[in-house]
Structure formats: structure tokens, C-alpha cells
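> My file is my_file-v1.pdb. It has PDB, C-alpha atoms:
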ATOM      1  CA  MET A   1       2.240  13.792  11.856
ATOM      2  CA  LYS A   2       1.662  11.345  14.682
ATOM      3  CA  ILE A   3       4.550  10.745  17.057
ATOM      4  CA  ALA A   4       4.662   8.169  19.873
ATOM      5  CA  PHE A   5       6.596   8.746  23.091
ATOM      6  CA  THR A   6       7.559   6.248  25.804
ATOM      7  CA  SER A   7       6.800   7.991  29.071
ATOM      8  CA  SER A   8       5.749   6.898  32.542
ATOM      9  CA  THR A   9       4.781  10.426  33.607
ATOM     10  CA  GLY A  10       3.567  12.173  30.455
ATOM     11  CA  GLU A  11       6.274  14.779  31.072
ATOM     12  CA  MET A  12       9.522  12.929  30.372
ATOM     13  CA  ILE A  13      10.691  10.415  27.760
ATOM     14  CA  ASP A  14      11.882   7.855  30.298
ATOM     15  CA  GLN A  15      10.950   4.361  29.158
ATOM     16  CA  HIS A  16      12.582   1.562  27.131
ATOM     17  CA  PHE A  17      10.605   0.673  23.993
ATOM     18  CA  GLY A  18      10.366  -3.011  24.894
ATOM     19  CA  GLN A  19       9.421  -2.420  28.524
ATOM     20  CA  THR A  20       6.962   0.469  28.360
ATOM     21  CA  GLU A  21       3.353  -0.298  29.209
ATOM     22  CA  SER A  22       1.944   2.495  27.056
ATOM     23  CA  PHE A  23       2.737   5.041  24.358
ATOM     24  CA  LEU A  24       1.641   8.672  24.402
ATOM     25  CA  ILE A  25       0.530   9.700  20.914
ATOM     26  CA  TRP A  26       0.889  13.321  19.848
ATOM     27  CA  GLU A  27      -0.027  15.120  16.645
ATOM     28  CA  VAL A  28       2.909  17.399  15.836
ATOM     29  CA  GLY A  29       3.094  19.977  13.073
ATOM     30  CA  PRO A  30       5.255  23.058  12.533
ATOM     31  CA  ASP A  31       2.788  25.420  14.218
ATOM     32  CA  GLU A  32       0.636  23.187  16.430
ATOM     33  CA  ALA A  33       1.171  20.171  18.639
ATOM     34  CA  HIS A  34      -1.235  18.378  20.937
ATOM     35  CA  TYR A  35      -1.680  15.131  22.816
ATOM     36  CA  LEU A  36      -4.089  12.709  21.118
ATOM     37  CA  GLU A  37      -4.272   9.519  23.164
ATOM     38  CA  THR A  38      -2.484   6.896  25.213
ATOM     39  CA  LEU A  39      -2.118   3.447  23.676
ATOM     40  CA  THR A  40      -1.775   0.768  26.345
ATOM     41  CA  ILE A  41       0.122  -2.432  25.691
ATOM     42  CA  GLY A  42      -1.616  -5.613  26.816
ATOM     43  CA  ALA A  43      -0.047  -9.043  27.242
ATOM     44  CA  HIS A  44       1.062 -10.264  23.817
ATOM     45  CA  GLY A  45       2.761 -13.636  24.044
ATOM     46  CA  SER A  46       5.640 -14.741  26.156
ATOM     47  CA  ASP A  47       8.617 -14.138  23.918
ATOM     48  CA  GLU A  48      10.369 -10.939  22.958
ATOM     49  CA  ASP A  49       9.457 -11.189  19.272
ATOM     50  CA  ASP A  50       5.717 -11.282  20.106
ATOM     51  CA  ARG A  51       6.053  -8.243  22.392
ATOM     52  CA  ILE A  52       7.983  -6.271  19.770
ATOM     53  CA  SER A  53       5.506  -7.187  17.024
ATOM     54  CA  ALA A  54       2.540  -6.120  19.182
ATOM     55  CA  ARG A  55       4.130  -2.753  19.924
ATOM     56  CA  THR A  56       5.018  -2.191  16.292
ATOM     57  CA  LYS A  57       1.491  -3.056  15.170
ATOM     58  CA  ILE A  58      -0.311  -0.601  17.486
ATOM     59  CA  LEU A  59       2.048   2.190  16.376
ATOM     60  CA  GLY A  60       1.228   1.709  12.685
ATOM     61  CA  GLU A  61      -0.180   5.233  12.240
ATOM     62  CA  CYS A  62       2.877   6.894  13.795
ATOM     63  CA  ALA A  63       5.697   8.350  11.745
ATOM     64  CA  ILE A  64       8.201   8.503  14.623
ATOM     65  CA  VAL A  65       8.680   6.814  18.006
ATOM     66  CA  TYR A  66      10.746   8.635  20.635
ATOM     67  CA  THR A  67      12.081   6.321  23.323
ATOM     68  CA  MET A  68      14.861   6.366  25.882
ATOM     69  CA  GLN A  69      16.249   3.012  24.708
ATOM     70  CA  ILE A  70      15.442   0.506  21.957
ATOM     71  CA  GLY A  71      17.118  -2.701  20.879
ATOM     72  CA  GLY A  72      18.265  -3.439  17.341
ATOM     73  CA  PRO A  73      15.544  -6.002  16.498
ATOM     74  CA  ALA A  74      12.788  -3.643  17.691
ATOM     75  CA  ALA A  75      14.251  -0.698  15.768
ATOM     76  CA  ALA A  76      14.460  -2.853  12.628
ATOM     77  CA  LYS A  77      10.789  -3.859  12.944
ATOM     78  CA  LEU A  78       9.768  -0.214  13.268
ATOM     79  CA  VAL A  79      11.826   0.789  10.232
ATOM     80  CA  ALA A  80      10.276  -2.078   8.243
ATOM     81  CA  GLN A  81       6.867  -0.486   8.994
ATOM     82  CA  LYS A  82       8.157   2.947   7.922
ATOM     83  CA  ILE A  83       8.218   4.196  11.524
ATOM     84  CA  HIS A  84      11.380   6.092  12.443
ATOM     85  CA  PRO A  85      12.790   5.174  15.886
ATOM     86  CA  MET A  86      14.500   7.981  17.833
ATOM     87  CA  LYS A  87      16.560   6.986  20.881
ATOM     88  CA  THR A  88      17.278   9.679  23.469
ATOM     89  CA  ASN A  89      19.778   7.599  25.560
ATOM     90  CA  ALA A  90      18.744   9.626  28.636
ATOM     91  CA  VAL A  91      15.620  10.932  30.343
ATOM     92  CA  VAL A  92      14.554  14.062  28.435
ATOM     93  CA  SER A  93      11.578  16.431  28.535
ATOM     94  CA  LEU A  94       8.718  15.407  26.258
ATOM     95  CA  GLY A  95       7.566  19.031  25.895
ATOM     96  CA  GLU A  96      11.030  20.303  24.967
ATOM     97  CA  THR A  97      11.390  17.453  22.456
ATOM     98  CA  VAL A  98       8.087  18.427  20.807
ATOM     99  CA  GLU A  99       9.282  22.064  20.621
ATOM    100  CA  ARG A 100      12.573  20.985  18.996
ATOM    101  CA  ILE A 101      10.688  18.882  16.431
ATOM    102  CA  GLN A 102       8.506  21.883  15.598
ATOM    103  CA  GLU A 103      11.570  24.118  15.141
ATOM    104  CA  VAL A 104      13.017  21.613  12.675
ATOM    105  CA  LEU A 105       9.688  21.334  10.847
ATOM    106  CA  ARG A 106       9.532  25.129  10.439
ATOM    107  CA  GLY A 107      13.017  25.148   8.913
ATOM    108  CA  ASN A 108      14.533  22.712   6.457
ATOM    109  CA  PRO A 109      13.833  19.198   7.822
ATOM    110  CA  PRO A 110      16.430  16.499   7.126
ATOM    111  CA  PRO A 111      15.520  13.878   4.495
ATOM    112  CA  TRP A 112      14.429  11.240   7.024
ATOM    113  CA  LEU A 113      11.989  13.686   8.617
ATOM    114  CA  ARG A 114      10.584  14.809   5.264
ATOM    115  CA  LYS A 115      10.031  11.112   4.488
ATOM    116  CA  ALA A 116       8.249  10.620   7.827
ATOM    117  CA  MET A 117       6.057  13.647   7.098
ATOM    118  CA  ASN A 118       5.258  12.230   3.663
ATOM    119  CA  LYS A 119       4.126   8.973   5.282
ATOM    120  CA  GLU A 120       1.389  10.902   7.053
ATOM    121  CA  SER A 121       0.432  12.773   3.860
ATOM    122  CA  ALA A 122       0.293   9.558   1.865
ATOM    123  CA  ARG A 123      -1.951   7.940   4.485
ATOM    124  CA  SER A 124      -4.334  10.924   4.462
ATOM    125  CA  PHE A 125      -4.496  10.812   0.661
ATOM    126  CA  THR A 126      -5.191   7.071   0.694
ATOM    127  CA  ASP A 127      -7.841   7.409   3.406
ATOM    128  CA  ASP A 128      -9.607  10.106   1.381
ATOM    129  CA  ASP A 129      -9.685   7.897  -1.701
ATOM    130  CA  GLU A 130     -11.433   4.993   0.006
TER     131      GLU A 130
END
Go through the file and emit its structure as C-alpha cells.


Amino acid sequence: MKIAFTSSTGEMIDQHFGQTESFLIWEVGPDEAHYLETLTIGAHGSDEDDRISARTKILGECAIVYTMQIGGPAAAKLVAQKIHPMKTNAVVSLGETVERIQEVLRGNPPPWLRKAMNKESARSFTDDDE
């Protein structure tokens, strides 16, 4: 599944969702994980709602967004798009976070994570049908 991270260095999750200039996109599965791309945020309007909507739109293929901080309205917009926001509340290692996700995926993932994984499966199935 695709996971977005807010990071200024590529090593740490250290950015606020609404203030980050880019998202690092990773493909994470139980046995493999790798960096895919960096999505850069351009200027999208002057108000907060426009900025949140732009960020939410470019993350449409992601199942989860890991960020240091996120406001309620932004989190609600992500959830409405079936993207699960994860707030770390502190600077944490991106690599260690990916490893923890993989450990959970190899075990018995909680319902929200199974749902996020199913989002990716449903998209693949739909893409194949077109």
C-alpha cells in the first residue's frame, strides 16, 4: 500500500501536514518497502481550505499519511477520501516507522489498517477492470 510521510530530510517524520512542502511516498508491504517518489506541493490558493484540499487531492492514491502534526479539518478531509491520518506528535524516524508498519502487517493488523490495505486492493482491482 502507498503511504505518504511529511519529512524535510527523508529520514525523519518532522513536518506539519498543512505546512510541509512535499510528501515522500513509499510502497509498504509486509515483506518489502521502498521509496517511490516525492510529491511537491505548489501554491494552491490563499486560504487554508484551498491548501488542505490540494494536499488531500495529490495524496488520493495513498492509504495512510504519517505526519508530525495535523489539524482537525485536514484530518477530516483525509478521512473523507479514505486516507488514514497518523499523527506522531514528535519527530520520529521514517525508517523505524516503516519497519513497525511491516511488523504489524506480518501479524494481525487492526481493523483500520486492514481497511487501508483493502483500499489499495480495491484500486488495483478497479484499475485492472478498465

> Report, in Å to a single decimal, how far apart CA of Glu21 in chain A and CA of Ala63 in chain A are.

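CA of Ala63 in chain A sits 19.6 Å away from CA of Glu21 in chain A.
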
> Using Å and a single decimal, report how far CA of Ile70 in chain A sits from CA of Ser22 in chain A.

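Computing it gives 14.6 Å between the two atoms.
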
> Kindly give the distance, in Å, that separates CA of Ile25 in chain A and CA of Ser7 in chain A, rounded to a single decimal.

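Computing the Euclidean distance for CA of Ile25 in chain A and CA of Ser7 in chain A yields 10.4 Å.
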
> Assuming the chain letters and numbering stay as they are in my file, what does the PyMOL selection byres ((chain A and resi 86-94) around 9) actually select? List them as a VMD selection string.

chain A and resid 5 7 10 to 15 64 to 70 75 84 to 85 95 to 99

> With the PyMOL selection byres ((chain A and resi 50-59) around 12) as the selection, what would be picked from this file? Answer as a VMD selection string, please.

chain A and resid 2 to 6 16 to 26 37 to 49 60 to 66 70 to 85

> Can I get range 30-43 of chain A with N, CA and C atoms filled in, as a PDB file, in the frame of the given file?


ATOM      1  N   PRO A  30       4.353  21.931  12.329  1.00  0.00           N
ATOM      2  CA  PRO A  30       5.255  23.058  12.533  1.00  0.00           C
ATOM      3  C   PRO A  30       4.694  24.138  13.454  1.00  0.00           C
ATOM      4  N   ASP A  31       3.383  24.332  13.445  1.00  0.00           N
ATOM      5  CA  ASP A  31       2.788  25.420  14.218  1.00  0.00           C
ATOM      6  C   ASP A  31       1.909  24.964  15.376  1.00  0.00           C
ATOM      7  N   GLU A  32       1.513  23.701  15.383  1.00  0.00           N
ATOM      8  CA  GLU A  32       0.636  23.187  16.430  1.00  0.00           C
ATOM      9  C   GLU A  32       1.092  21.812  16.851  1.00  0.00           C
ATOM     10  N   ALA A  33       0.899  21.513  18.125  1.00  0.00           N
ATOM     11  CA  ALA A  33       1.171  20.171  18.639  1.00  0.00           C
ATOM     12  C   ALA A  33       0.218  19.914  19.792  1.00  0.00           C
ATOM     13  N   HIS A  34      -0.355  18.724  19.829  1.00  0.00           N
ATOM     14  CA  HIS A  34      -1.235  18.378  20.937  1.00  0.00           C
ATOM     15  C   HIS A  34      -1.272  16.873  21.157  1.00  0.00           C
ATOM     16  N   TYR A  35      -1.534  16.522  22.402  1.00  0.00           N
ATOM     17  CA  TYR A  35      -1.680  15.131  22.816  1.00  0.00           C
ATOM     18  C   TYR A  35      -2.972  14.581  22.229  1.00  0.00           C
ATOM     19  N   LEU A  36      -2.897  13.353  21.678  1.00  0.00           N
ATOM     20  CA  LEU A  36      -4.089  12.709  21.118  1.00  0.00           C
ATOM     21  C   LEU A  36      -4.652  11.621  22.026  1.00  0.00           C
ATOM     22  N   GLU A  37      -3.795  10.669  22.412  1.00  0.00           N
ATOM     23  CA  GLU A  37      -4.272   9.519  23.164  1.00  0.00           C
ATOM     24  C   GLU A  37      -3.108   8.742  23.764  1.00  0.00           C
ATOM     25  N   THR A  38      -3.459   7.834  24.663  1.00  0.00           N
ATOM     26  CA  THR A  38      -2.484   6.896  25.213  1.00  0.00           C
ATOM     27  C   THR A  38      -2.861   5.505  24.737  1.00  0.00           C
ATOM     28  N   LEU A  39      -1.907   4.827  24.106  1.00  0.00           N
ATOM     29  CA  LEU A  39      -2.118   3.447  23.676  1.00  0.00           C
ATOM     30  C   LEU A  39      -1.471   2.534  24.708  1.00  0.00           C
ATOM     31  N   THR A  40      -2.272   1.669  25.314  1.00  0.00           N
ATOM     32  CA  THR A  40      -1.775   0.768  26.345  1.00  0.00           C
ATOM     33  C   THR A  40      -1.449  -0.588  25.741  1.00  0.00           C
ATOM     34  N   ILE A  41      -0.326  -1.132  26.172  1.00  0.00           N
ATOM     35  CA  ILE A  41       0.122  -2.432  25.691  1.00  0.00           C
ATOM     36  C   ILE A  41      -0.457  -3.498  26.609  1.00  0.00           C
ATOM     37  N   GLY A  42      -1.134  -4.479  26.041  1.00  0.00           N
ATOM     38  CA  GLY A  42      -1.616  -5.613  26.816  1.00  0.00           C
ATOM     39  C   GLY A  42      -0.583  -6.736  26.757  1.00  0.00           C
ATOM     40  N   ALA A  43      -0.922  -7.871  27.307  1.00  0.00           N
ATOM     41  CA  ALA A  43      -0.047  -9.043  27.242  1.00  0.00           C
ATOM     42  C   ALA A  43      -0.121  -9.628  25.833  1.00  0.00           C
TER      43      ALA A  43
END
